[in-house]
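Have a look at model39.csv; it's CSV, C-alpha atoms:
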```csv
chain,number,residue,atom,x,y,z
A,231,MET,CA,-96.2,-114.5,-92.9
A,232,VAL,CA,-96.9,-111.2,-91.1
A,233,ASP,CA,-96.8,-109.1,-94.2
A,234,GLY,CA,-99.9,-111.1,-95.4
A,235,PHE,CA,-101.9,-109.4,-92.7
A,236,ARG,CA,-101.3,-106.0,-94.3
A,237,VAL,CA,-104.5,-104.6,-95.9
A,238,LYS,CA,-104.2,-103.2,-99.5
A,239,SER,CA,-105.1,-99.6,-98.5
A,240,GLU,CA,-102.2,-99.5,-96.1
A,241,LYS,CA,-99.7,-100.0,-98.8
A,242,THR,CA,-101.1,-97.3,-101.0
A,243,LEU,CA,-101.5,-94.8,-98.2
A,244,PHE,CA,-97.9,-95.5,-97.0
A,245,VAL,CA,-96.5,-94.7,-100.4
A,246,LEU,CA,-98.5,-91.4,-100.5
A,247,SER,CA,-97.3,-90.6,-96.9
A,248,VAL,CA,-93.7,-91.3,-97.8
A,249,ILE,CA,-93.8,-89.1,-101.0
A,250,PHE,CA,-95.3,-86.1,-99.2
A,251,SER,CA,-93.1,-86.5,-96.2
A,252,LEU,CA,-90.0,-86.8,-98.3
A,253,LEU,CA,-90.9,-83.6,-100.2
A,254,ALA,CA,-91.6,-81.8,-96.8
A,255,TRP,CA,-88.3,-82.8,-95.3
A,256,LEU,CA,-86.4,-81.9,-98.5
A,257,ALA,CA,-88.1,-78.5,-98.5
A,258,LEU,CA,-86.8,-77.9,-95.0
A,259,VAL,CA,-83.3,-79.2,-95.6
A,260,ILE,CA,-82.6,-77.2,-98.8
A,261,SER,CA,-82.3,-74.0,-96.9
A,262,ILE,CA,-80.0,-73.2,-94.0
A,263,ALA,CA,-82.9,-72.0,-91.9
A,264,GLY,CA,-84.8,-75.1,-92.9
A,265,ILE,CA,-82.1,-77.4,-91.6
A,266,VAL,CA,-82.4,-75.8,-88.2
A,267,TYR,CA,-86.2,-76.2,-88.3
A,268,ALA,CA,-85.8,-79.8,-89.4
A,269,LEU,CA,-83.4,-80.6,-86.6
A,270,PHE,CA,-85.5,-78.8,-84.1
A,271,ILE,CA,-88.7,-80.6,-85.1
A,272,GLY,CA,-87.0,-84.0,-85.2
A,273,PHE,CA,-85.4,-83.4,-81.8
A,274,PHE,CA,-88.7,-82.2,-80.2
A,275,LEU,CA,-90.6,-85.3,-81.5
A,276,MET,CA,-87.8,-87.6,-80.3
A,277,ALA,CA,-87.5,-85.9,-76.9
A,278,ALA,CA,-91.3,-86.1,-76.3
A,279,HIS,CA,-91.2,-89.8,-77.1
A,280,ALA,CA,-88.2,-90.4,-74.9
A,281,ILE,CA,-89.9,-88.6,-72.0
A,282,TYR,CA,-93.0,-90.8,-72.3
A,283,ILE,CA,-90.8,-93.9,-72.4
A,284,ALA,CA,-89.0,-92.7,-69.3
A,285,HIS,CA,-92.4,-92.3,-67.6
A,286,VAL,CA,-93.4,-95.8,-68.6
A,287,ARG,CA,-90.2,-97.3,-67.2
A,288,GLY,CA,-90.5,-95.4,-64.0
A,289,GLN,CA,-94.2,-95.9,-63.4
A,290,GLY,CA,-94.9,-99.3,-65.0
A,291,VAL,CA,-93.9,-102.9,-64.2
A,292,LEU,CA,-91.4,-104.6,-66.5
A,293,LEU,CA,-92.5,-108.2,-67.3
A,294,SER,CA,-90.1,-111.1,-67.5
A,295,THR,CA,-90.0,-114.8,-66.9
A,296,SER,CA,-90.1,-114.2,-63.2
A,297,GLN,CA,-92.4,-111.1,-63.2
A,298,LEU,CA,-96.0,-111.9,-64.2
A,299,PRO,CA,-94.5,-114.8,-66.3
A,300,GLU,CA,-97.9,-115.9,-67.6
A,301,ILE,CA,-98.3,-112.6,-69.5
A,302,TYR,CA,-94.7,-112.3,-70.6
A,303,GLU,CA,-94.7,-115.8,-72.0
A,304,ARG,CA,-97.6,-114.9,-74.3
A,305,VAL,CA,-95.8,-111.9,-75.5
A,306,GLU,CA,-92.7,-113.9,-76.1
A,307,SER,CA,-94.6,-116.7,-78.0
A,308,ILE,CA,-96.5,-114.3,-80.3
A,309,SER,CA,-93.3,-112.3,-81.0
A,310,GLN,CA,-91.6,-115.5,-82.2
A,311,ARG,CA,-94.6,-116.5,-84.3
A,312,PHE,CA,-94.6,-113.0,-86.0
A,313,GLY,CA,-90.9,-113.3,-86.7
A,314,LEU,CA,-89.4,-110.7,-84.4
A,315,PRO,CA,-85.7,-111.3,-83.6
A,316,SER,CA,-86.3,-110.5,-79.9
A,317,THR,CA,-89.1,-110.0,-77.5
A,318,PRO,CA,-90.1,-106.3,-76.9
A,319,GLU,CA,-89.9,-104.9,-73.5
A,320,VAL,CA,-93.3,-105.3,-72.0
A,321,TYR,CA,-94.7,-103.0,-69.3
A,322,VAL,CA,-97.9,-103.1,-67.4
A,323,MET,CA,-99.3,-99.8,-66.1
A,324,GLU,CA,-102.2,-98.8,-63.9
A,325,SER,CA,-104.6,-96.6,-65.9
A,326,GLY,CA,-107.4,-95.6,-63.6
A,327,GLY,CA,-109.9,-97.6,-65.6
A,328,ILE,CA,-108.7,-96.9,-69.1
A,329,LEU,CA,-108.7,-99.9,-71.4
A,330,ASN,CA,-105.8,-99.6,-73.8
A,331,ALA,CA,-102.5,-100.9,-75.0
A,332,MET,CA,-99.9,-99.5,-77.3
A,333,ALA,CA,-96.6,-100.2,-79.1
A,334,ALA,CA,-93.6,-97.9,-79.0
A,335,LYS,CA,-90.1,-97.7,-80.3
A,336,LEU,CA,-87.1,-95.6,-79.2
A,337,PHE,CA,-83.5,-95.8,-80.6
A,338,GLY,CA,-84.2,-99.3,-82.0
A,339,ARG,CA,-85.7,-100.7,-78.8
A,340,GLN,CA,-89.2,-102.0,-79.0
A,341,PHE,CA,-91.8,-101.6,-76.3
A,342,VAL,CA,-95.3,-102.9,-75.6
A,343,ILE,CA,-97.4,-101.1,-72.9
A,344,ILE,CA,-100.6,-102.7,-71.7
A,345,TYR,CA,-102.9,-101.1,-69.2
A,346,SER,CA,-103.6,-103.3,-66.2
A,347,ASP,CA,-107.4,-102.7,-66.4
A,348,LEU,CA,-107.4,-104.2,-69.9
A,349,ILE,CA,-105.4,-107.3,-68.7
A,350,GLU,CA,-107.9,-107.8,-65.8
A,351,ALA,CA,-110.8,-107.4,-68.2
A,352,CYS,CA,-109.4,-110.4,-70.3
A,353,GLU,CA,-108.7,-112.7,-67.3
A,354,GLU,CA,-111.6,-115.0,-68.0
A,355,ASN,CA,-110.5,-115.7,-71.5
A,356,PRO,CA,-106.7,-115.4,-72.2
A,357,GLY,CA,-107.4,-115.6,-76.0
A,358,GLN,CA,-108.8,-112.1,-75.8
A,359,LEU,CA,-105.6,-110.9,-74.3
A,360,ASP,CA,-103.7,-112.7,-77.1
A,361,PHE,CA,-105.6,-110.6,-79.6
A,362,ILE,CA,-104.5,-107.4,-77.8
A,363,ILE,CA,-100.9,-108.6,-77.6
A,364,GLY,CA,-100.9,-109.8,-81.2
A,365,HIS,CA,-102.3,-106.5,-82.4
A,366,GLU,CA,-99.5,-104.5,-80.6
A,367,ILE,CA,-96.7,-106.9,-81.6
A,368,ALA,CA,-97.9,-106.6,-85.2
A,369,HIS,CA,-97.2,-102.9,-85.2
A,370,HIS,CA,-93.5,-103.9,-84.7
A,371,ALA,CA,-93.6,-106.8,-87.0
A,372,LEU,CA,-95.2,-104.8,-89.8
A,373,GLY,CA,-92.6,-102.0,-89.4
A,374,HIS,CA,-95.2,-99.3,-88.5
A,375,LEU,CA,-92.9,-97.7,-86.0
A,376,LYS,CA,-89.8,-97.8,-88.1
A,377,TRP,CA,-91.1,-95.0,-90.3
A,378,HIS,CA,-93.2,-93.2,-87.8
A,379,LEU,CA,-90.9,-90.2,-87.4
A,380,PHE,CA,-90.1,-89.9,-91.0
A,381,ILE,CA,-93.7,-89.8,-92.2
A,382,ALA,CA,-94.8,-87.4,-89.4
A,383,PRO,CA,-95.2,-84.5,-92.0
A,384,SER,CA,-98.0,-86.5,-93.7
A,385,PHE,CA,-100.3,-85.7,-90.9
A,386,LEU,CA,-100.2,-82.1,-92.1
A,387,ILE,CA,-102.2,-83.2,-95.1
A,388,PRO,CA,-105.8,-83.3,-94.1
A,389,LEU,CA,-107.3,-86.8,-93.9
A,390,LEU,CA,-104.1,-88.5,-95.3
A,391,GLY,CA,-102.3,-89.2,-92.0
A,392,THR,CA,-105.4,-90.4,-90.2
A,393,ALA,CA,-106.4,-92.6,-93.2
A,394,TYR,CA,-103.0,-94.3,-93.1
A,395,SER,CA,-103.3,-94.8,-89.3
A,396,ARG,CA,-106.7,-96.4,-89.6
A,397,ALA,CA,-105.4,-98.8,-92.3
A,398,ARG,CA,-102.6,-99.9,-90.0
A,399,GLU,CA,-105.1,-100.7,-87.3
A,400,TYR,CA,-107.1,-102.9,-89.7
A,401,SER,CA,-103.8,-104.7,-90.5
A,402,CYS,CA,-102.9,-105.3,-86.9
A,403,ASP,CA,-106.4,-106.5,-86.1
A,404,LEU,CA,-105.9,-109.3,-88.7
A,405,ALA,CA,-102.6,-110.2,-87.0
A,406,GLY,CA,-104.4,-110.1,-83.6
A,407,LEU,CA,-107.0,-112.5,-85.0
A,408,GLU,CA,-104.2,-114.9,-85.9
A,409,ALA,CA,-102.8,-114.6,-82.4
A,410,ALA,CA,-106.2,-115.0,-80.7
A,411,GLY,CA,-106.8,-118.4,-82.4
A,412,SER,CA,-110.5,-117.8,-83.1
A,413,LEU,CA,-112.9,-115.1,-84.3
A,414,GLU,CA,-114.8,-115.2,-81.0
A,415,ASN,CA,-111.6,-114.3,-79.0
A,416,ALA,CA,-110.7,-111.5,-81.4
A,417,THR,CA,-114.1,-109.9,-81.6
A,418,ARG,CA,-114.6,-110.2,-77.8
A,419,GLY,CA,-111.2,-108.5,-77.4
A,420,LEU,CA,-112.5,-105.6,-79.4
A,421,ALA,CA,-115.9,-105.7,-77.6
A,422,ILE,CA,-114.1,-105.2,-74.3
A,423,LEU,CA,-112.5,-102.0,-75.6
A,424,ALA,CA,-116.0,-100.9,-76.5
A,425,ALA,CA,-118.0,-101.9,-73.4
A,426,GLY,CA,-115.5,-102.9,-70.7
A,427,GLY,CA,-114.6,-106.3,-69.3
A,428,LYS,CA,-117.8,-107.5,-67.7
A,429,LEU,CA,-120.2,-106.1,-70.3
A,430,GLY,CA,-118.0,-106.8,-73.3
A,431,ASN,CA,-118.2,-110.5,-72.5
A,432,ARG,CA,-122.0,-110.4,-72.3
A,433,LEU,CA,-122.6,-108.6,-75.5
A,434,ASN,CA,-124.7,-110.1,-78.3
A,435,MET,CA,-122.0,-110.0,-80.9
A,436,ASP,CA,-124.4,-110.7,-83.8
A,437,GLU,CA,-126.4,-107.6,-82.9
A,438,TYR,CA,-123.3,-105.5,-82.2
A,439,ILE,CA,-121.9,-106.3,-85.6
A,440,GLN,CA,-125.1,-105.0,-87.2
A,441,GLN,CA,-124.5,-101.7,-85.4
A,442,VAL,CA,-122.0,-100.9,-88.2
A,443,LYS,CA,-125.1,-99.7,-90.2
A,444,ASN,CA,-125.3,-96.7,-87.9
A,445,VAL,CA,-122.0,-95.1,-88.9
A,446,ARG,CA,-122.7,-94.0,-92.4
A,447,GLY,CA,-124.2,-90.7,-91.5
A,448,PHE,CA,-122.7,-87.3,-92.3
A,449,TRP,CA,-121.4,-86.6,-88.8
A,450,SER,CA,-120.3,-90.2,-88.3
A,451,THR,CA,-118.2,-89.9,-91.4
A,452,ILE,CA,-116.8,-86.5,-90.3
A,453,TYR,CA,-115.6,-88.2,-87.1
A,454,GLU,CA,-114.2,-91.3,-88.7
A,455,LEU,CA,-112.2,-89.4,-91.4
A,456,ASN,CA,-110.5,-87.4,-88.6
A,457,SER,CA,-109.9,-90.4,-86.3
A,458,THR,CA,-106.7,-92.4,-86.1
A,459,HIS,CA,-108.7,-95.6,-85.3
A,460,PRO,CA,-111.7,-97.0,-87.1
A,461,TYR,CA,-115.0,-97.4,-85.4
A,462,THR,CA,-114.9,-100.5,-83.2
A,463,ALA,CA,-118.0,-101.9,-84.8
A,464,LYS,CA,-116.3,-101.6,-88.2
A,465,ARG,CA,-113.2,-103.4,-86.9
A,466,VAL,CA,-115.4,-106.2,-85.6
A,467,SER,CA,-117.1,-106.4,-89.0
A,468,ALA,CA,-113.8,-106.4,-90.9
A,469,LEU,CA,-112.6,-109.4,-88.8
A,470,ALA,CA,-115.9,-111.2,-89.5
A,471,ASN,CA,-115.7,-110.5,-93.2
A,472,HIS,CA,-112.1,-111.6,-93.3
A,473,LYS,CA,-112.9,-114.9,-91.7
A,474,TYR,CA,-116.2,-115.4,-93.5
A,475,PRO,CA,-116.4,-113.2,-96.6
A,476,GLU,CA,-119.5,-111.1,-97.1
A,477,THR,CA,-120.9,-111.9,-93.6
A,478,VAL,CA,-121.6,-108.3,-92.9
A,479,LYS,CA,-122.5,-105.5,-95.4
A,480,VAL,CA,-120.4,-102.5,-94.3
A,481,PRO,CA,-121.8,-99.2,-95.6
A,482,GLY,CA,-119.5,-96.7,-97.2
A,483,LYS,CA,-118.7,-93.3,-95.9
A,484,ASN,CA,-120.9,-90.3,-96.7
A,485,PRO,CA,-119.3,-88.6,-99.7
A,486,PHE,CA,-120.6,-85.1,-98.7
A,487,ALA,CA,-118.5,-85.2,-95.5
A,488,TYR,CA,-115.1,-85.3,-97.3
A,489,PRO,CA,-114.8,-81.6,-98.2
A,490,LEU,CA,-115.8,-80.4,-94.7
A,491,ALA,CA,-114.1,-83.1,-92.6
A,492,PRO,CA,-110.7,-81.3,-92.4
A,493,PHE,CA,-112.3,-78.2,-90.8
A,494,PHE,CA,-113.5,-80.4,-87.9
A,495,GLY,CA,-110.2,-82.2,-87.4
A,496,ALA,CA,-109.2,-80.4,-84.2
A,497,ALA,CA,-112.5,-81.4,-82.6
A,498,VAL,CA,-111.8,-85.1,-83.1
A,499,SER,CA,-108.0,-85.6,-82.5
A,500,PRO,CA,-104.8,-83.6,-82.3
A,501,ALA,CA,-103.4,-85.6,-85.3
A,502,ALA,CA,-106.3,-84.6,-87.6
A,503,GLY,CA,-106.3,-81.0,-86.4
A,504,ALA,CA,-102.5,-80.5,-86.8
A,505,PRO,CA,-102.7,-78.3,-89.9
A,506,PHE,CA,-105.4,-76.0,-88.4
A,507,ILE,CA,-103.8,-76.0,-85.0
A,508,ALA,CA,-100.6,-74.7,-86.6
A,509,VAL,CA,-102.5,-72.0,-88.4
A,510,ALA,CA,-104.4,-71.2,-85.1
A,511,ILE,CA,-101.1,-70.9,-83.2
A,512,VAL,CA,-99.7,-68.5,-85.8
A,513,GLY,CA,-103.0,-66.5,-85.6
A,514,ILE,CA,-102.9,-66.4,-81.8
A,515,LEU,CA,-99.3,-65.3,-81.7
A,516,ALA,CA,-100.1,-62.6,-84.2
A,517,SER,CA,-103.1,-61.4,-82.2
A,518,ILE,CA,-100.9,-61.1,-79.2
A,519,ALA,CA,-97.8,-59.6,-80.8
A,520,ILE,CA,-99.4,-57.0,-83.0
A,521,PRO,CA,-101.4,-55.3,-80.3
A,522,GLN,CA,-98.4,-55.4,-78.0
A,523,TYR,CA,-96.3,-53.8,-80.8
A,524,LEU,CA,-99.0,-51.1,-81.4
A,525,ASN,CA,-99.2,-50.4,-77.7
A,526,TYR,CA,-95.4,-50.0,-77.6
A,527,VAL,CA,-95.5,-47.6,-80.5
A,528,ASN,CA,-98.3,-45.5,-78.8
A,529,LYS,CA,-96.4,-45.3,-75.6
A,530,ALA,CA,-93.3,-44.2,-77.4
A,531,ASN,CA,-95.2,-41.5,-79.2
A,532,GLU,CA,-96.8,-40.4,-75.9
A,533,SER,CA,-93.4,-40.2,-74.2
A,534,ALA,CA,-92.1,-38.1,-77.1
A,535,GLN,CA,-95.1,-35.7,-76.8
A,536,MET,CA,-94.5,-35.4,-73.0
A,537,GLU,CA,-90.9,-34.5,-73.7
A,538,GLN,CA,-92.0,-31.7,-75.9
A,539,MET,CA,-94.5,-30.4,-73.3
A,540,GLU,CA,-93.4,-27.1,-71.7
A,541,GLY,CA,-90.0,-27.3,-73.4
A,542,GLY,CA,-89.2,-30.8,-72.3
A,543,TYR,CA,-88.3,-32.3,-69.0
A,544,ASP,CA,-85.5,-34.2,-67.2
A,545,SER,CA,-86.4,-37.6,-65.9
A,546,TYR,CA,-86.5,-37.7,-62.1
A,547,ALA,CA,-83.5,-39.4,-60.6
A,548,GLN,CA,-83.6,-40.5,-57.0
A,549,GLY,CA,-81.4,-38.4,-54.8
A,550,GLU,CA,-81.0,-35.4,-57.2
A,551,GLU,CA,-83.8,-33.3,-55.7
A,552,SER,CA,-86.4,-34.0,-53.1
A,553,LEU,CA,-89.9,-34.4,-54.7
A,554,ALA,CA,-92.6,-31.8,-54.1
A,555,PRO,CA,-91.5,-29.8,-51.1
A,556,THR,CA,-94.9,-28.2,-51.0
A,557,GLY,CA,-96.7,-31.5,-50.7
A,558,GLU,CA,-96.7,-35.1,-52.1
A,559,LEU,CA,-97.8,-35.2,-55.7
A,560,TYR,CA,-98.6,-38.9,-55.2
A,561,PHE,CA,-101.6,-37.7,-53.2
A,562,ALA,CA,-103.2,-36.7,-56.5
A,563,ASP,CA,-103.0,-40.2,-58.1
A,564,ASP,CA,-106.5,-41.3,-57.2
A,565,ASN,CA,-107.9,-38.0,-58.4
A,566,LEU,CA,-105.9,-38.2,-61.7
A,567,ARG,CA,-107.3,-41.7,-62.3
A,568,SER,CA,-110.8,-40.4,-61.7
A,569,VAL,CA,-110.3,-37.6,-64.2
A,570,ARG,CA,-108.9,-40.0,-66.7
A,571,GLU,CA,-112.0,-42.2,-66.4
A,572,TRP,CA,-114.1,-39.2,-67.1
A,573,ALA,CA,-112.0,-38.1,-70.0
A,574,PHE,CA,-111.8,-41.6,-71.4
A,575,ARG,CA,-115.6,-41.9,-71.3
A,576,ILE,CA,-115.9,-38.5,-73.1
A,577,GLY,CA,-113.4,-39.6,-75.7
A,578,GLN,CA,-115.3,-42.8,-76.5
A,579,GLU,CA,-118.5,-40.8,-76.9
A,580,THR,CA,-117.2,-37.9,-78.9
A,581,GLY,CA,-114.0,-39.1,-80.4
A,582,GLU,CA,-112.1,-36.2,-78.8
A,583,TRP,CA,-110.5,-35.6,-75.5
A,584,PRO,CA,-112.2,-32.9,-73.3
A,585,CYS,CA,-110.5,-29.6,-72.9
A,586,GLU,CA,-112.4,-28.3,-69.9
A,587,GLY,CA,-113.3,-29.8,-66.6
A,588,ILE,CA,-117.1,-30.1,-66.0
A,589,ASP,CA,-117.0,-33.2,-63.9
A,590,PRO,CA,-116.9,-33.7,-60.1
A,591,SER,CA,-113.6,-35.5,-60.4
A,592,VAL,CA,-112.1,-32.4,-62.0
A,593,GLU,CA,-113.5,-30.2,-59.2
A,594,GLU,CA,-112.1,-32.5,-56.5
A,595,LEU,CA,-108.6,-32.4,-58.1
A,596,SER,CA,-108.8,-28.7,-58.6
A,597,THR,CA,-109.7,-28.3,-54.9
A,598,LEU,CA,-106.7,-30.5,-54.0
A,599,CYS,CA,-104.4,-28.4,-56.2
A,600,ASN,CA,-105.6,-25.1,-54.5
A,601,GLU,CA,-105.0,-26.6,-51.1
A,602,GLN,CA,-101.5,-27.7,-51.9
A,603,GLY,CA,-100.4,-24.8,-54.1
A,604,TRP,CA,-100.3,-26.9,-57.3
A,605,GLU,CA,-101.4,-26.1,-60.8
A,606,LEU,CA,-103.8,-28.2,-62.8
A,607,GLU,CA,-103.7,-28.7,-66.6
A,608,ILE,CA,-106.1,-30.7,-68.8
A,609,ASN,CA,-104.5,-31.0,-72.3
A,610,CYS,CA,-107.1,-32.1,-74.9
A,611,ASN,CA,-104.6,-31.9,-77.8
A,612,ASP,CA,-102.1,-34.4,-76.4
A,613,GLY,CA,-104.6,-36.2,-74.2
A,614,TYR,CA,-103.3,-35.9,-70.6
A,615,CYS,CA,-104.1,-34.4,-67.2
A,616,ALA,CA,-101.2,-33.0,-65.1
A,617,VAL,CA,-100.5,-31.4,-61.8
A,618,TYR,CA,-97.5,-29.2,-61.2
A,619,ALA,CA,-95.7,-28.3,-58.0
A,620,PRO,CA,-92.8,-25.7,-57.5
A,621,LEU,CA,-89.4,-27.3,-57.0
A,622,GLY,CA,-87.0,-24.4,-56.4
A,623,GLU,CA,-86.3,-22.8,-59.8
A,624,ARG,CA,-88.0,-25.8,-61.5
A,625,VAL,CA,-91.3,-27.5,-61.6
A,626,GLN,CA,-92.2,-31.0,-60.8
A,627,TYR,CA,-95.2,-32.7,-62.5
A,628,ARG,CA,-97.2,-35.8,-62.3
A,629,ALA,CA,-99.5,-36.7,-65.2
A,630,ILE,CA,-101.8,-39.4,-66.5
A,631,TRP,CA,-102.4,-40.2,-70.1
A,632,PHE,CA,-106.0,-40.4,-71.1
A,633,GLY,CA,-105.4,-43.2,-73.7
A,634,THR,CA,-103.4,-45.7,-71.7
A,635,GLY,CA,-104.0,-44.6,-68.1
A,636,GLU,CA,-100.2,-44.6,-67.5
A,637,LEU,CA,-99.0,-42.3,-64.7
A,638,VAL,CA,-95.7,-40.4,-65.4
A,639,GLU,CA,-93.6,-37.9,-63.5
A,640,GLY,CA,-90.7,-35.6,-64.2
A,641,VAL,CA,-89.1,-32.3,-63.6
A,642,LEU,CA,-89.4,-29.3,-66.0
```
Take the structure I supplied and represent it as structure tokens, if you would.
Amino acid sequence: MVDGFRVKSEKTLFVLSVIFSLLAWLALVISIAGIVYALFIGFFLMAAHAIYIAHVRGQGVLLSTSQLPEIYERVESISQRFGLPSTPEVYVMESGGILNAMAAKLFGRQFVIIYSDLIEACEENPGQLDFIIGHEIAHHALGHLKWHLFIAPSFLIPLLGTAYSRAREYSCDLAGLEAAGSLENATRGLAILAAGGKLGNRLNMDEYIQQVKNVRGFWSTIYELNSTHPYTAKRVSALANHKYPETVKVPGKNPFAYPLAPFFGAAVSPAAGAPFIAVAIVGILASIAIPQYLNYVNKANESAQMEQMEGGYDSYAQGEESLAPTGELYFADDNLRSVREWAFRIGQETGEWPCEGIDPSVEELSTLCNEQGWELEINCNDGYCAVYAPLGERVQYRAIWFGTGELVEGVL
């Protein structure tokens, strides 16, 4: 009985999704590295789902014959009508005003989650709630969640995954119509999703159905092609045409939107934007990793140049010799930074580091060196400024690189 609710397009799109997903999984499994990726992806998807179910179980209310029995009995009755061997676990959750319900499955266990605001919105007419429940039960009865993990790769094909998802929603709406008992109950159930509980029950449904004429535009098609759910007005029209054929003339999609729709997927939903999000992640990682690598190479080269300066140096080790007995070289750090700012500015303007100091910052540092008995060097070839202080038979230095602004020290 339930399979009769499945729309034709769902069957075709399911076959295409299975074919592509099978090829994708095989491509991963045929290599050793691919097996690791396949296991990792599968585990990640399963873990994410398990965490959500844990959240539902901890935050929601599990219905039973003694816990909100009037709702549980509706779920139980519709499950039996749709041929399920057992009633799914049903949870009610507070949603902060969001009107939604969903079906889920984990390790063979079936779940239905209904937001409390949606139940309250349907209180005046239980038939509307039957439509919602019937729709979610149909996801289980039609086997939509049985293949969900396996066909996940199909969402990497632009427009395919979302098209299959929309087809499933149309199928479940037909099942919901059967559960609701009347077209009025079913369409009002959808109207509540569109306008809320109070206003949804006051809508002029004849006029709302005609609103479907407004969704043929280019941008409307762009959005719909990337959405996992059809426009609500189209869902209402589909139910009306199923019950009374050719009641509403539903316009087709704008053909010019198809080539461009994939490029706007990420703006509509994560599912539609999955291929481009993957590419973007790779690009972002590259944009971070490549500059970091180049910066590392530059610093390595600068360190090598510093080692060659004045015959090389021994890195300062704490406790070997006291630093700068004639004065603290650290006093020069602010002056070194000022000189570096001047040199960096000159380098940007001319493309070369300055060899002579003609800036107040250089004069101030030169004065400090004279007072402390230090020597000052501005090296335009290697691009650094250094101050030197006697250290017994050796010389201690502190320098700043013009390019990176890094401060270094050592003993010559």
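What separates atom CA of A:Val266 from atom CA of A:Pro492 is a distance of 29.1 Å.
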*Mind listing as a VMD selection string all residues within 12 Å of (-119.4, -105.4, -95.8), counting all atoms listed in the file?*
chain A and resid 439 to 440 442 to 443 463 to 472 474 to 482
*Place a sphere of radius 10 Å on (-118.4, -93.5, -98.3) in the file coordinates and name every protein, DNA or RNA residue with an atom inside or on its surface, counting only C-alpha atoms; give the answer as a list in words.*
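The answer, in the requested form, is Arg446, Gly447, Phe448, Thr451, Pro481, Gly482, Lys483, Asn484, Pro485, Phe486, Ala487 and Tyr488 of chain A.
Coordinates place atom CA of A:Tyr345 at a distance of 8.4 Å from atom CA of A:Tyr321.
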_For A:Arg624, find every residue with an atom within 9 Å (counting only C-alpha atoms), except residues of its own chain fewer than 5 positions away, and show them as an MDAnalysis selection string._
chainID A and resid 619 641:642
*asked:* Just to confirm, what's the straight-line distance from atom CA of A:Asp436 to atom CA of A:Leu420 in Å (one decimal)?
replied: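 Taking atom CA of A:Asp436 as the start and atom CA of A:Leu420 as the end point, the length is 13.7 Å.
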*Skip A:Arg432 itself and residues of its chain fewer than 3 positions away, then list as a PyMOL selection string all residues within 10 Å of it, counting only C-alpha atoms.*
chain A and resi 418+421-422+425+427-429+435
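Counting only C-alpha atoms and comparing A:Leu243, A:Leu413, A:Leu455, A:Cys610, the residue that lies closest to A:Gly577 is A:Cys610.
The smallest atom-to-atom distance between A:Met323 and any of A:Pro620, A:Pro584, A:Gly288, A:Gly357, using all atoms listed in the file, is found for A:Gly288.
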*May I ask which of the residues A:Ala405, A:Ile349, A:Ile367, A:Ile576 is the closest one to A:Val237, counting all atoms listed in the file?*
A:Ala405
*Between A:Ile328, A:Ala424, A:Ala368, A:Leu375, which one has atoms that come closest to A:Tyr400, using all atoms listed in the file?*
A:Ala368
*Within 10 Å of A:Ile308, counting all atoms listed in the file, which residues show up once you throw out same-chain ones fewer than 2 positions away? Write them as a ChimeraX atom specification, please.*
/A:303-306,310-314,317,360-361,363-365,367-368,405-406,408-410
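Candidate residues A:Val320, A:Ile344, A:Val569, A:Leu359 were compared for distance to A:Asn415, and the nearest is A:Leu359, using only C-alpha atoms.
With only C-alpha atoms as the atoms that count, the minimum distance from A:Tyr282 to the choices A:Ile343, A:Leu559, A:Val248, A:Val498 is reached by A:Ile343.
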Might you pull out every residue within 10 Å of A:Leu293, with only C-alpha atoms counted and same-chain residues fewer than 3 positions away left off, and present them as a PDB file with C-alpha atoms, in the frame of the given file?
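Saved result, result-v2.pdb, follows:
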```
ATOM      1  CA  GLY A 290     -94.900 -99.300 -65.000  1.00  0.00           C
ATOM      2  CA  SER A 296     -90.100-114.200 -63.200  1.00  0.00           C
ATOM      3  CA  GLN A 297     -92.400-111.100 -63.200  1.00  0.00           C
ATOM      4  CA  LEU A 298     -96.000-111.900 -64.200  1.00  0.00           C
ATOM      5  CA  PRO A 299     -94.500-114.800 -66.300  1.00  0.00           C
ATOM      6  CA  GLU A 300     -97.900-115.900 -67.600  1.00  0.00           C
ATOM      7  CA  ILE A 301     -98.300-112.600 -69.500  1.00  0.00           C
ATOM      8  CA  TYR A 302     -94.700-112.300 -70.600  1.00  0.00           C
ATOM      9  CA  GLU A 303     -94.700-115.800 -72.000  1.00  0.00           C
ATOM     10  CA  VAL A 305     -95.800-111.900 -75.500  1.00  0.00           C
ATOM     11  CA  GLU A 319     -89.900-104.900 -73.500  1.00  0.00           C
ATOM     12  CA  VAL A 320     -93.300-105.300 -72.000  1.00  0.00           C
ATOM     13  CA  TYR A 321     -94.700-103.000 -69.300  1.00  0.00           C
ATOM     14  CA  VAL A 322     -97.900-103.100 -67.400  1.00  0.00           C
TER      15      VAL A 322
END
```
*Near A:Ala491, counting all atoms listed in the file, which residues have an atom at most 8 Å away, once you skip same-chain residues fewer than 5 positions from it, shown as a list in words?*
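What passes the distance filter is Leu389, Ile452, Tyr453, Leu455 and Asn456 of chain A.
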